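In what follows, a single structure is set out as structure tokens and then discussed.
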Amino acid sequence: MLREAGGLLLAAALLALAAAWVLGPIESAKAEAGEITLADALHLQPPPLWIDARSPAEYEAGHVPGARLLNPENWPRNVPGVLEAWEPGRCTVVYCATPGGQASQEVAERLRAFQLGPVFVLHGGWKAWSHP
Amino acid sequence: MLGAAAAAEPVLRWDRKTVEAPLAPGEKTIRAEFGFVNVSPAPAVIESVKPSCGCTTAALEKKVYQPGEHGRITAIFTPGSRKGMQVKGIRVAVRGEQEPVILTMVAHIGPALQIDPPLVFWRAGELPRPKTMRVTVPPGLGLRVIGVTSSDPQMDAALEPEKERITVTPKATAHPVTAVLTLHAVTRTGEPQLFQAYAQVK
């Protein structure tokens, strides 16, 4: 029993260390809220997987380089491509058209259920990138 | 007297008067079809089709149906921000029938089926041990999961309905695999429904 408890403590400590390593540059308050600023996102190592939760037309008009299109409407069609683009140890950052928008919040929540690592919503949405 | 007796006979026989369906993931509307046949010896005239709510439309191909002729009403419900169980009625007035026929759409807005976790994952080189996904249907919805298929032959998926779970097993973990697992379900009224989960080796 003690050995099991010790194992759990060791696992928790390793997890905390891994999280600190991945989330090092991120302000803890924002990380807890699930949001990240553009400046913090640009410091993530490895670079995050960007998810564009806007409409296909908005995506075509311009997006963060390398971003994958994924919103609640095209979810079944686009999830496999997102999973293929994700790499272990990589954070995910989601943005949509409006700051704190519903689409990015919903997509982030669904991606968190996949338990693939930290998933953040970009503070300020697309405008944070296009008009920094 | 004869006229009254004749008026009491139904003019149309409906395939069904209630359709129950969840809002499928990624969809914004729920569509239901109500088929009918004119069982009277004379042409049937549908005088009006009125949904109970502005959120529902009901389309009829034409108004007059000959004896024995089949037709259908296509209803589309747009839930918008509505949540939970929604019941929408459509009143159909048929000439010669004393009471309007009430067609009903029962829609469940929200997670019709919970798959937990929605993704099972193996690191490359990890032992290809089976992993399970729990499938939960909200009580009262009447949805029945009848099978699961995998988009990639390198990923096996098996439904254990009595245990409400899916067991997923990769054939190997030497190479990356991303498989879409499609859960096949039927509603109480027989509508097929598809849900997706995912399995990945990376």
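Chain labels A, B, ... are given in the sequence in which chains occur in the structure tokens; within each chain residues are numbered consecutively from 1, and ligands are likewise numbered from 1 in the order shown.
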
Who sits within 7 Å of Thr149 (chain B), only C-alpha atoms, same chain under 2 positions skipped, as a CSV table (one decimal) with C-alpha atoms, in the first residue's frame:
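File produced: part.csv:
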```
chain,number,residue,atom,x,y,z
B,147,GLY,CA,-22.0,-1.3,-33.5
B,151,SER,CA,-11.6,3.6,-40.5
B,157,ALA,CA,-12.6,-1.8,-32.3
B,181,LEU,CA,-14.1,5.0,-34.8
B,182,THR,CA,-17.8,5.4,-35.9
B,183,LEU,CA,-20.4,4.3,-33.5
```

>> Let's see if you can do this: from backbone DSSP, list all helix (DSSP H, G or I) residues in region 87-127 of chain A, as a PyMOL selection string.
In response: chain A and resi 102-112+125-127

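Within 7 Å of region 100-102 of chain A there are Cys96, Ala97, Gln105, Glu106, His123, Gly124 and Gly125 of chain A, counting only C-alpha atoms and ignoring same-chain residues fewer than 3 positions away.
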
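The residues of chain B lying at most 9 Å from chain A, with only C-alpha atoms taken into account, are Pro25, Gly26, Glu27, Lys28, Asp116, Pro117, Pro118, Leu119, Val120, Phe121, Arg123, Pro176, Val177, Thr178, Ala179, Val180, Phe195, Gln196, Tyr198, Gln200 and Lys202 of chain B.
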
I'd like the neighbourhood of region 45-48 of chain B as a short mmCIF file (atom, residue, chain, number, x, y, z; two decimals) with N, CA and C atoms, in the first residue's frame, where a residue qualifies if any of its atoms comes within 8 Å (using only C-alpha atoms), though same-chain residues fewer than 3 positions away should be ignored.
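Generated file (selection_23.cif):
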```cif
data_model
loop_
_atom_site.label_atom_id
_atom_site.label_comp_id
_atom_site.auth_asym_id
_atom_site.auth_seq_id
_atom_site.Cartn_x
_atom_site.Cartn_y
_atom_site.Cartn_z
N LYS B 63 -50.74 19.84 -52.24
CA LYS B 63 -51.88 19.84 -51.32
C LYS B 63 -52.91 18.73 -51.58
N VAL B 64 -52.98 18.24 -52.82
CA VAL B 64 -54.03 17.26 -53.17
C VAL B 64 -53.38 15.91 -53.50
N TYR B 65 -53.91 14.85 -52.88
CA TYR B 65 -53.38 13.50 -53.09
C TYR B 65 -54.52 12.56 -53.51
N ARG B 91 -49.33 20.96 -36.68
CA ARG B 91 -50.78 20.68 -36.85
C ARG B 91 -51.07 20.57 -38.33
N VAL B 92 -51.67 19.44 -38.69
CA VAL B 92 -52.00 19.21 -40.10
C VAL B 92 -53.52 19.12 -40.22
N ALA B 93 -54.11 20.06 -40.94
CA ALA B 93 -55.56 20.06 -41.14
C ALA B 93 -55.87 19.41 -42.50
N VAL B 94 -56.70 18.34 -42.44
CA VAL B 94 -57.05 17.60 -43.66
C VAL B 94 -58.55 17.75 -43.88
N ARG B 95 -58.95 18.13 -45.07
CA ARG B 95 -60.38 18.31 -45.37
C ARG B 95 -61.11 16.98 -45.17
#
```

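Excluding region 48-65 of chain A itself and any same-chain residue fewer than 5 positions from it, the protein and nucleic acid residues within 8 Å of it, counting only C-alpha atoms, are A:Ala41, A:Leu70, A:Asn71, A:Pro72, A:Ala85, A:Trp86, A:Arg90, A:Cys91, A:Thr92, A:Val93, A:Val94, A:Tyr95, A:Cys96, A:Ala97, A:Ala103, A:Ser104, A:Val107, A:Trp129.
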
Written selection (N, CA and C atoms) as a PDB file, in the first residue's frame:
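Output file result-v7.pdb follows:
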```
ATOM      1  N   ALA A  41       2.343  32.634 -26.067  1.00  0.00           N
ATOM      2  CA  ALA A  41       2.185  31.535 -27.041  1.00  0.00           C
ATOM      3  C   ALA A  41       3.395  31.456 -27.961  1.00  0.00           C
ATOM      4  N   LEU A  70     -10.584  24.098 -37.498  1.00  0.00           N
ATOM      5  CA  LEU A  70     -11.428  23.168 -36.719  1.00  0.00           C
ATOM      6  C   LEU A  70     -12.443  23.981 -35.938  1.00  0.00           C
ATOM      7  N   ASN A  71     -13.710  23.825 -36.259  1.00  0.00           N
ATOM      8  CA  ASN A  71     -14.756  24.480 -35.472  1.00  0.00           C
ATOM      9  C   ASN A  71     -15.901  23.489 -35.266  1.00  0.00           C
ATOM     10  N   PRO A  72     -16.872  23.832 -34.426  1.00  0.00           N
ATOM     11  CA  PRO A  72     -17.922  22.859 -34.110  1.00  0.00           C
ATOM     12  C   PRO A  72     -18.664  22.354 -35.346  1.00  0.00           C
ATOM     13  N   ALA A  85      -1.612  16.191 -36.966  1.00  0.00           N
ATOM     14  CA  ALA A  85      -0.670  17.306 -36.846  1.00  0.00           C
ATOM     15  C   ALA A  85      -0.094  17.426 -35.434  1.00  0.00           C
ATOM     16  N   TRP A  86      -0.830  16.971 -34.442  1.00  0.00           N
ATOM     17  CA  TRP A  86      -0.374  17.087 -33.057  1.00  0.00           C
ATOM     18  C   TRP A  86       0.801  16.139 -32.793  1.00  0.00           C
ATOM     19  N   ARG A  90       3.446  18.761 -27.305  1.00  0.00           N
ATOM     20  CA  ARG A  90       3.113  20.024 -27.947  1.00  0.00           C
ATOM     21  C   ARG A  90       1.818  20.583 -27.351  1.00  0.00           C
ATOM     22  N   CYS A  91       1.835  21.875 -26.985  1.00  0.00           N
ATOM     23  CA  CYS A  91       0.600  22.519 -26.530  1.00  0.00           C
ATOM     24  C   CYS A  91      -0.278  22.860 -27.733  1.00  0.00           C
ATOM     25  N   THR A  92      -1.523  23.146 -27.450  1.00  0.00           N
ATOM     26  CA  THR A  92      -2.460  23.549 -28.494  1.00  0.00           C
ATOM     27  C   THR A  92      -3.016  24.929 -28.134  1.00  0.00           C
ATOM     28  N   VAL A  93      -3.082  25.819 -29.108  1.00  0.00           N
ATOM     29  CA  VAL A  93      -3.655  27.155 -28.887  1.00  0.00           C
ATOM     30  C   VAL A  93      -4.788  27.365 -29.897  1.00  0.00           C
ATOM     31  N   VAL A  94      -5.956  27.697 -29.375  1.00  0.00           N
ATOM     32  CA  VAL A  94      -7.149  27.859 -30.204  1.00  0.00           C
ATOM     33  C   VAL A  94      -7.530  29.337 -30.263  1.00  0.00           C
ATOM     34  N   TYR A  95      -7.899  29.804 -31.435  1.00  0.00           N
ATOM     35  CA  TYR A  95      -8.413  31.175 -31.538  1.00  0.00           C
ATOM     36  C   TYR A  95      -9.641  31.190 -32.435  1.00  0.00           C
ATOM     37  N   CYS A  96     -10.480  32.197 -32.243  1.00  0.00           N
ATOM     38  CA  CYS A  96     -11.617  32.391 -33.145  1.00  0.00           C
ATOM     39  C   CYS A  96     -11.737  33.886 -33.429  1.00  0.00           C
ATOM     40  N   ALA A  97     -12.839  34.282 -34.040  1.00  0.00           N
ATOM     41  CA  ALA A  97     -12.948  35.650 -34.544  1.00  0.00           C
ATOM     42  C   ALA A  97     -13.058  36.685 -33.434  1.00  0.00           C
ATOM     43  N   ALA A 103     -16.760  29.978 -29.975  1.00  0.00           N
ATOM     44  CA  ALA A 103     -16.243  28.880 -30.812  1.00  0.00           C
ATOM     45  C   ALA A 103     -14.913  28.372 -30.280  1.00  0.00           C
ATOM     46  N   SER A 104     -14.005  29.310 -29.933  1.00  0.00           N
ATOM     47  CA  SER A 104     -12.698  28.849 -29.442  1.00  0.00           C
ATOM     48  C   SER A 104     -12.836  28.166 -28.088  1.00  0.00           C
ATOM     49  N   VAL A 107     -14.265  24.628 -28.819  1.00  0.00           N
ATOM     50  CA  VAL A 107     -13.262  23.753 -29.439  1.00  0.00           C
ATOM     51  C   VAL A 107     -12.197  23.364 -28.413  1.00  0.00           C
ATOM     52  N   TRP A 129      -3.611  38.360 -33.124  1.00  0.00           N
ATOM     53  CA  TRP A 129      -2.582  37.999 -34.104  1.00  0.00           C
ATOM     54  C   TRP A 129      -2.528  39.013 -35.253  1.00  0.00           C
TER      55      TRP A 129
END
```

>> DSSP on the backbone, strand (DSSP E or B) only: what residues of chain B does that give? Format it as a ChimeraX atom specification.
In response: /B:12-14,18-22,30-38,44-51,56-60,64-65,70-77,84-94,101-109,114-116,119-122,131-136,144-150,155-160,165-170,177-186,192-201

For C-alpha atoms, I'd like the residues from the last selection saved as a compact mmCIF listing (two decimals), in the first residue's frame.
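Writing done, so here's again_21.txt:
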```
# COMPACT_ATOMS: atom_id res chain seq x y z
CA LEU B 12 -54.70 9.86 -44.34
CA ARG B 13 -52.80 6.99 -42.73
CA TRP B 14 -49.46 8.12 -41.31
CA THR B 18 -43.73 11.02 -33.64
CA VAL B 19 -40.06 11.25 -34.53
CA GLU B 20 -37.43 11.33 -31.83
CA ALA B 21 -33.86 12.32 -32.67
CA PRO B 22 -30.83 13.90 -31.07
CA ILE B 30 -32.81 18.22 -37.03
CA ARG B 31 -34.79 16.89 -39.96
CA ALA B 32 -37.76 14.53 -39.74
CA GLU B 33 -40.00 13.06 -42.41
CA PHE B 34 -43.61 12.08 -41.82
CA GLY B 35 -44.91 9.86 -44.60
CA PHE B 36 -48.61 9.27 -45.29
CA VAL B 37 -50.96 7.63 -47.75
CA ASN B 38 -54.46 8.65 -48.78
CA ALA B 44 -57.43 14.13 -50.01
CA VAL B 45 -56.85 17.84 -49.54
CA ILE B 46 -54.33 19.03 -46.95
CA GLU B 47 -55.61 22.46 -46.02
CA SER B 48 -52.81 23.61 -43.75
CA VAL B 49 -49.56 22.56 -42.08
CA LYS B 50 -48.67 24.72 -39.07
CA PRO B 51 -45.60 24.22 -36.86
CA THR B 56 -39.60 24.68 -36.98
CA THR B 57 -40.51 24.56 -40.67
CA ALA B 58 -42.75 21.99 -42.30
CA ALA B 59 -42.80 21.52 -46.06
CA LEU B 60 -45.42 19.71 -48.09
CA VAL B 64 -54.03 17.26 -53.17
CA TYR B 65 -53.38 13.50 -53.09
CA HIS B 70 -48.25 8.59 -50.92
CA GLY B 71 -46.83 11.89 -49.71
CA ARG B 72 -44.69 13.29 -46.96
CA ILE B 73 -44.16 16.31 -44.77
CA THR B 74 -40.54 17.29 -44.16
CA ALA B 75 -40.00 19.10 -40.88
CA ILE B 76 -36.81 20.90 -39.93
CA PHE B 77 -36.18 22.06 -36.39
CA GLY B 84 -32.21 19.64 -23.34
CA MET B 85 -35.35 17.85 -24.44
CA GLN B 86 -37.45 19.80 -26.95
CA VAL B 87 -40.91 18.84 -28.19
CA LYS B 88 -42.24 20.55 -31.32
CA GLY B 89 -45.68 19.96 -32.78
CA ILE B 90 -47.00 20.36 -36.32
CA ARG B 91 -50.78 20.68 -36.85
CA VAL B 92 -52.00 19.21 -40.10
CA ALA B 93 -55.56 20.06 -41.14
CA VAL B 94 -57.05 17.60 -43.66
CA VAL B 101 -53.46 15.60 -36.93
CA ILE B 102 -50.62 16.48 -34.55
CA LEU B 103 -47.17 15.40 -35.68
CA THR B 104 -44.47 15.59 -33.03
CA MET B 105 -40.71 16.02 -33.13
CA VAL B 106 -38.89 15.13 -29.93
CA ALA B 107 -35.34 16.41 -30.05
CA HIS B 108 -32.58 16.06 -27.53
CA ILE B 109 -30.15 18.98 -27.69
CA GLN B 114 -21.01 10.49 -24.17
CA ILE B 115 -17.84 8.67 -25.18
CA ASP B 116 -15.20 8.79 -22.49
CA LEU B 119 -9.62 9.43 -27.96
CA VAL B 120 -7.44 6.49 -26.99
CA PHE B 121 -3.74 6.89 -27.59
CA TRP B 122 -0.61 4.74 -27.72
CA LYS B 131 -7.90 0.32 -24.21
CA THR B 132 -11.53 1.00 -23.44
CA MET B 133 -13.97 3.82 -24.04
CA ARG B 134 -17.11 4.09 -21.91
CA VAL B 135 -20.30 4.82 -23.83
CA THR B 136 -23.06 6.56 -21.89
CA ARG B 144 -29.26 2.24 -28.66
CA VAL B 145 -25.68 1.73 -29.80
CA ILE B 146 -25.57 -1.20 -32.21
CA GLY B 147 -22.02 -1.31 -33.52
CA VAL B 148 -18.67 0.30 -34.09
CA THR B 149 -16.40 0.42 -37.13
CA SER B 150 -12.81 1.56 -37.52
CA MET B 155 -6.96 -0.47 -35.38
CA ASP B 156 -9.54 -2.98 -34.12
CA ALA B 157 -12.65 -1.76 -32.30
CA ALA B 158 -15.26 -3.96 -30.65
CA LEU B 159 -18.51 -2.96 -28.95
CA GLU B 160 -19.49 -4.65 -25.72
CA ARG B 165 -17.96 0.11 -23.60
CA ILE B 166 -15.77 -0.13 -26.67
CA THR B 167 -12.50 -1.99 -26.62
CA VAL B 168 -9.86 -0.66 -29.02
CA THR B 169 -6.69 -2.54 -29.89
CA PRO B 170 -3.98 -1.57 -32.38
CA VAL B 177 -2.06 5.31 -37.09
CA THR B 178 -4.99 7.69 -36.77
CA ALA B 179 -8.32 5.89 -36.91
CA VAL B 180 -11.84 7.30 -36.82
CA LEU B 181 -14.15 5.03 -34.83
CA THR B 182 -17.75 5.38 -35.95
CA LEU B 183 -20.43 4.35 -33.47
CA HIS B 184 -23.68 3.30 -35.07
CA ALA B 185 -26.81 3.92 -33.03
CA VAL B 186 -30.57 3.98 -33.57
CA PRO B 192 -29.90 5.89 -37.53
CA GLN B 193 -27.36 8.08 -35.77
CA LEU B 194 -23.58 8.17 -36.12
CA PHE B 195 -21.06 9.31 -33.53
CA GLN B 196 -17.32 9.54 -33.75
CA ALA B 197 -14.41 8.73 -31.52
CA TYR B 198 -10.73 8.42 -32.33
CA ALA B 199 -7.78 6.13 -31.80
CA GLN B 200 -4.19 7.02 -32.47
CA VAL B 201 -0.68 5.57 -32.39
```

> Leaving out Ala172 (chain B) and any residue of its chain fewer than 2 positions from it, which residues lie within 8 Å of it when counting only C-alpha atoms, given as a ChimeraX atom specification?
Replying inline: /B:128,154,170,174-175
